[in-house]
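One structure is given here, and the rest of the page talks about it.
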2 protein chains.
Amino acid sequence: MRLTLIGFGTVGQSLIKILAIKKNELIKKFGLNPKVVAIVDSKGAAIDEKGIDPFKAIKVKQLKNSISWIEGIGHFGMSAIDVIKNVETDIVIEMTPTNISNGEPGLSHIKTAIFNKRHVITTNKGPLALALPSLMELASYNKVKLRFSGTVGGGTPILNFAKKCLLGDKIISIKGILNGTTNYILTKMHKEELSMEEALKEAQKLGYAEADPSYDIEGIDSACKLVIIANWIMNKRISIKDVKIEGIKKVTLKDVNEAKKRGNAIKLIGELNEEAFVKPMEIPTVNPLCVNGSLNAVSFNTENSGEITIVGKGAGGKETASAIIRDLIDIKFNLLKLYGG
Amino acid sequence: MRLTLIGFGTVGQSLIKILAIKKNELIKKFGLNPKVVAIVDSKGAAIDEKGIDPFKAIKVKQLKNSISWIEGIGHFGMSAIDVIKNVETDIVIEMTPTNISNGEPGLSHIKTAIFNKRHVITTNKGPLALALPSLMELASYNKVKLRFSGTVGGGTPILNFAKKCLLGDKIISIKGILNGTTNYILTKMHKEELSMEEALKEAQKLGYAEADPSYDIEGIDSACKLVIIANWIMNKRISIKDVKIEGIKKVTLKDVNEAKKRGNAIKLIGELNEEAFVKPMEIPTVNPLCVNGSLNAVSFNTENSGEITIVGKGAGGKETASAIIRDLIDIKFNLLKLYGG
């Protein structure tokens, strides 16, 4: 199984490291023998149909800041689109940063891959939030698989849980804390009585929040994830424009303290029932959904199995890489089914 | 797909009710068209190869206390073993009460079913806690499936979650609150400063604890579930004699209050690492595992995906019935794979 990696940051580097370490196990357990034939970053590409040495790739990237410096197989200035079109590959793994205004460059990468009959695994929420219904249709029409486990919950298998473990039951509604940064900030305000500014600064210092935290604070990141959940789990063909979004900007320490007196905590909640919305809500602290720090949590309200909550880290290189590996296994199994293997 | 139900209490009645209500959906989504051809309770049986009317069966059971009173098809005094041997069926669903001293009558029901090439779904922890490794071997040798989702977590898909949603990752250890009764008691002691006797009485009044609560209080029920988790998820071929068990009997209100001062709560924890044990432990109240009331929770410590916790109701007729339906779907899919359908 030949892989092309688009984007080579923390997640991409974790991915090829884990694939190398788990090589024998993946072959033995799943008949999965992935070979990375191309890696692209913002400055260029490396291509080797015999397979790129993962540790050499990581070393070059870390020393020289672009994979294109790798000896013999590096191509400075070569674009992702060129690589996707011209390098023979089975699966394109798209890991460029999320851009919510037009989804680019991820959206073009994904479309090009699908048009060229490559399966796609992505960790990029932008293209999905803007166009998931049409991307799913496009993939289905071109008879390729589109998977995106790592976009929601990092390594916590929220999407697959609902799809694989609740068969035969009906999910009535879904409610979750989908963003670790805002949860960290609200937790700090609740526990240590910090103001939002102070809590945000601390989150930035610890690397939980980016220099520009607006996607998190304004609820955009949570809304992207809600769109993905809606399409994948609930078969609701919505995009981000269908989500009512309110971020945490207006939440004051006073609000937090008053909620606390009522035995509640204010959390940024994404919810799917007849509507789809993201907004700060009071949750009883004894509710399993009311998790702290940068944790994520999602509760599924089911018809017969009761309310089931799944909690885990919502991000992380290694964690997101493990979600990509699950997608690889899933695609492999789907292909076996397709071809009767 | 012909079903034989052994045991016709809350779970069995919920099961045939849900199967009737979801009939069209199960056919459409899963090609699953189950027909109940026999039901057995402690006083006798009902047999109809054309399928037993579910609502008539429930009515007769509730009015006359045994299914064997059902007109035309009832057989007063007929035993489960007779029915399992002589009624043509595909799947035997064993739902008699747990007996941990020798596993009977469930153990004989399950063995007889397997010997007669019936697939088995059970909600009965006794036979599994005593003999799961050999029952799994027996089923495999006889080329039938043995499934038991409802034995751990009621409707919360704890067993399947670990099996289906963490593919490609490694579970290093598992830790859980596996018994709702003791969790209810410990929560009451923690929140309302009740003594254990008072909390137990309240649990009994509300139906969370049985008249003889010793299986729960002594940690036996948790240990049974830990054995099932160990075998199914961790491939550890252990039985209940391999589990170090300490119940909650010695936990005093003083212990609970002192833990509380440290920001912790005392919970009855079942844990699997190199060892398998059940004992009261202090857990930080902010830990996602630290759930309240009669909830169950299990945390999976994974190599790459971080720590993932799943929380839900641990029991209930409807909930456990939904776990049985998942097992039915799972067996159906496995058969399709087996016969290349």
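So you can find residues: chains in the structure tokens are A, B, ... in the order shown, residues in each start at 1, and ligands are numbered from 1 in order.
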
- Item | Residue neighbourhood Leu200 in chain A, 10 Å, only C-alpha atoms, exclusion window fewer than 6 positions, as a list in words | Thr181, Thr182, Tyr184, Ile185, Leu186, Lys188, Met189, Leu194, Leu206, Tyr208, Ala209, Glu210, Pro213 and Ile217 of chain A

Dump N, CA, C and O atoms for the selected residues as an mmCIF file, in the first residue's frame?
data_model
loop_
_atom_site.group_PDB
_atom_site.id
_atom_site.type_symbol
_atom_site.label_atom_id
_atom_site.label_comp_id
_atom_site.auth_asym_id
_atom_site.auth_seq_id
_atom_site.Cartn_x
_atom_site.Cartn_y
_atom_site.Cartn_z
ATOM 1 N N THR A 181 -8.525 23.774 23.779
ATOM 2 C CA THR A 181 -8.018 25.090 24.180
ATOM 3 C C THR A 181 -9.034 25.841 25.032
ATOM 4 O O THR A 181 -8.721 26.314 26.130
ATOM 5 N N THR A 182 -10.260 25.934 24.522
ATOM 6 C CA THR A 182 -11.280 26.651 25.291
ATOM 7 C C THR A 182 -11.616 25.905 26.576
ATOM 8 O O THR A 182 -11.916 26.523 27.600
ATOM 9 N N TYR A 184 -9.513 24.217 28.345
ATOM 10 C CA TYR A 184 -8.422 24.555 29.264
ATOM 11 C C TYR A 184 -8.658 25.930 29.896
ATOM 12 O O TYR A 184 -8.562 26.107 31.102
ATOM 13 N N ILE A 185 -9.023 26.896 29.063
ATOM 14 C CA ILE A 185 -9.255 28.258 29.552
ATOM 15 C C ILE A 185 -10.411 28.305 30.552
ATOM 16 O O ILE A 185 -10.293 28.856 31.651
ATOM 17 N N LEU A 186 -11.533 27.674 30.190
ATOM 18 C CA LEU A 186 -12.700 27.701 31.081
ATOM 19 C C LEU A 186 -12.416 26.947 32.382
ATOM 20 O O LEU A 186 -12.894 27.336 33.455
ATOM 21 N N LYS A 188 -9.458 26.711 33.859
ATOM 22 C CA LYS A 188 -8.604 27.599 34.659
ATOM 23 C C LYS A 188 -9.437 28.683 35.346
ATOM 24 O O LYS A 188 -9.219 29.016 36.505
ATOM 25 N N MET A 189 -10.392 29.255 34.593
ATOM 26 C CA MET A 189 -11.258 30.284 35.171
ATOM 27 C C MET A 189 -12.066 29.708 36.337
ATOM 28 O O MET A 189 -12.199 30.329 37.394
ATOM 29 N N LEU A 194 -9.053 32.679 37.432
ATOM 30 C CA LEU A 194 -8.331 33.565 36.522
ATOM 31 C C LEU A 194 -9.325 34.274 35.614
ATOM 32 O O LEU A 194 -10.423 33.768 35.346
ATOM 33 N N LEU A 206 1.746 27.291 27.529
ATOM 34 C CA LEU A 206 1.883 25.832 27.596
ATOM 35 C C LEU A 206 1.693 25.158 26.239
ATOM 36 O O LEU A 206 1.732 23.941 26.126
ATOM 37 N N TYR A 208 -1.080 25.064 24.502
ATOM 38 C CA TYR A 208 -2.445 24.592 24.271
ATOM 39 C C TYR A 208 -3.199 25.511 23.312
ATOM 40 O O TYR A 208 -4.202 25.131 22.741
ATOM 41 N N ALA A 209 -2.729 26.763 23.200
ATOM 42 C CA ALA A 209 -3.410 27.708 22.303
ATOM 43 C C ALA A 209 -2.381 28.297 21.344
ATOM 44 O O ALA A 209 -1.225 28.487 21.707
ATOM 45 N N GLU A 210 -2.813 28.573 20.139
ATOM 46 C CA GLU A 210 -1.907 29.152 19.152
ATOM 47 C C GLU A 210 -1.779 30.666 19.377
ATOM 48 O O GLU A 210 -2.538 31.261 20.141
ATOM 49 N N PRO A 213 -5.517 32.616 18.524
ATOM 50 C CA PRO A 213 -6.411 31.575 19.023
ATOM 51 C C PRO A 213 -7.864 31.764 18.583
ATOM 52 O O PRO A 213 -8.764 31.175 19.168
ATOM 53 N N ILE A 217 -11.332 30.248 20.246
ATOM 54 C CA ILE A 217 -12.120 31.141 21.098
ATOM 55 C C ILE A 217 -13.490 31.446 20.492
ATOM 56 O O ILE A 217 -14.498 31.525 21.192
#

- Spatial neighbours of range 141-154 of chain A, 6 Å, only C-alpha atoms, chain gap at least 2 places, as a ChimeraX atom specification: /A:119-123,125,138-139,156,225,314-315,319-320,323

Find the nearest atom pair between each residue of chain B and chain A for residues within 8 Å, count only C-alpha atoms, give distances in Å to one decimal, sort rows by chain and ascending number, and present the table as a tab-separated table.
residue	atom	partner	partner_atom	distance
B:Leu26	CA	A:Gly168	CA	7.0
B:Gly154	CA	A:Ser305	CA	7.9
B:Gly155	CA	A:Ser305	CA	4.5
B:Thr156	CA	A:Ser305	CA	6.4
B:Pro157	CA	A:Cys165	CA	6.2
B:Asn160	CA	A:Cys165	CA	6.2
B:Phe161	CA	A:Cys165	CA	6.2
B:Lys164	CA	A:Lys164	CA	7.1
B:Cys165	CA	A:Phe161	CA	6.2
B:Leu166	CA	A:Arg326	CA	7.4
B:Leu167	CA	A:Arg326	CA	5.9
B:Gly168	CA	A:Arg326	CA	6.1
B:Asp169	CA	A:Ser322	CA	6.8
B:Val286	CA	A:Asn292	CA	6.9
B:Asn287	CA	A:Val291	CA	7.9
B:Pro288	CA	A:Val291	CA	6.4
B:Val291	CA	A:Pro288	CA	6.4
B:Asn292	CA	A:Val286	CA	6.9
B:Asn304	CA	A:Glu319	CA	5.4
B:Ser305	CA	A:Glu319	CA	4.3
B:Gly306	CA	A:Lys313	CA	6.4
B:Glu307	CA	A:Gly312	CA	6.0
B:Ile308	CA	A:Gly312	CA	4.6
B:Thr309	CA	A:Val311	CA	5.0
B:Ile310	CA	A:Ile310	CA	4.5
B:Val311	CA	A:Thr309	CA	5.0
B:Gly312	CA	A:Ile308	CA	4.6
B:Lys313	CA	A:Gly306	CA	6.4
B:Lys318	CA	A:Asn304	CA	5.8
B:Glu319	CA	A:Ser305	CA	4.3
B:Thr320	CA	A:Ser305	CA	7.5
B:Ser322	CA	A:Ser305	CA	6.0
B:Ala323	CA	A:Ser305	CA	7.6
B:Ile325	CA	A:Gly168	CA	6.5
B:Arg326	CA	A:Leu167	CA	5.9
B:Ile329	CA	A:Gly168	CA	7.6
B:Gly340	CA	A:Gly340	CA	7.6

- Item | Nearest to Ile84 in chain B, chosen from B:Lys261, B:Lys28, B:Lys241, B:Lys111, with only C-alpha atoms counted in the distances |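 Between B:Lys261, B:Lys28, B:Lys241, B:Lys111, the residue approaching Ile84 in chain B most closely is B:Lys111.
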
- Can you list, as a PyMOL selection string, every residue of range 24-273 of chain B that DSSP puts in strand (DSSP E)? chain B and resi 35-41+44-47+74-76+91-94+119-122+146-147+171-177+244-245+264-272
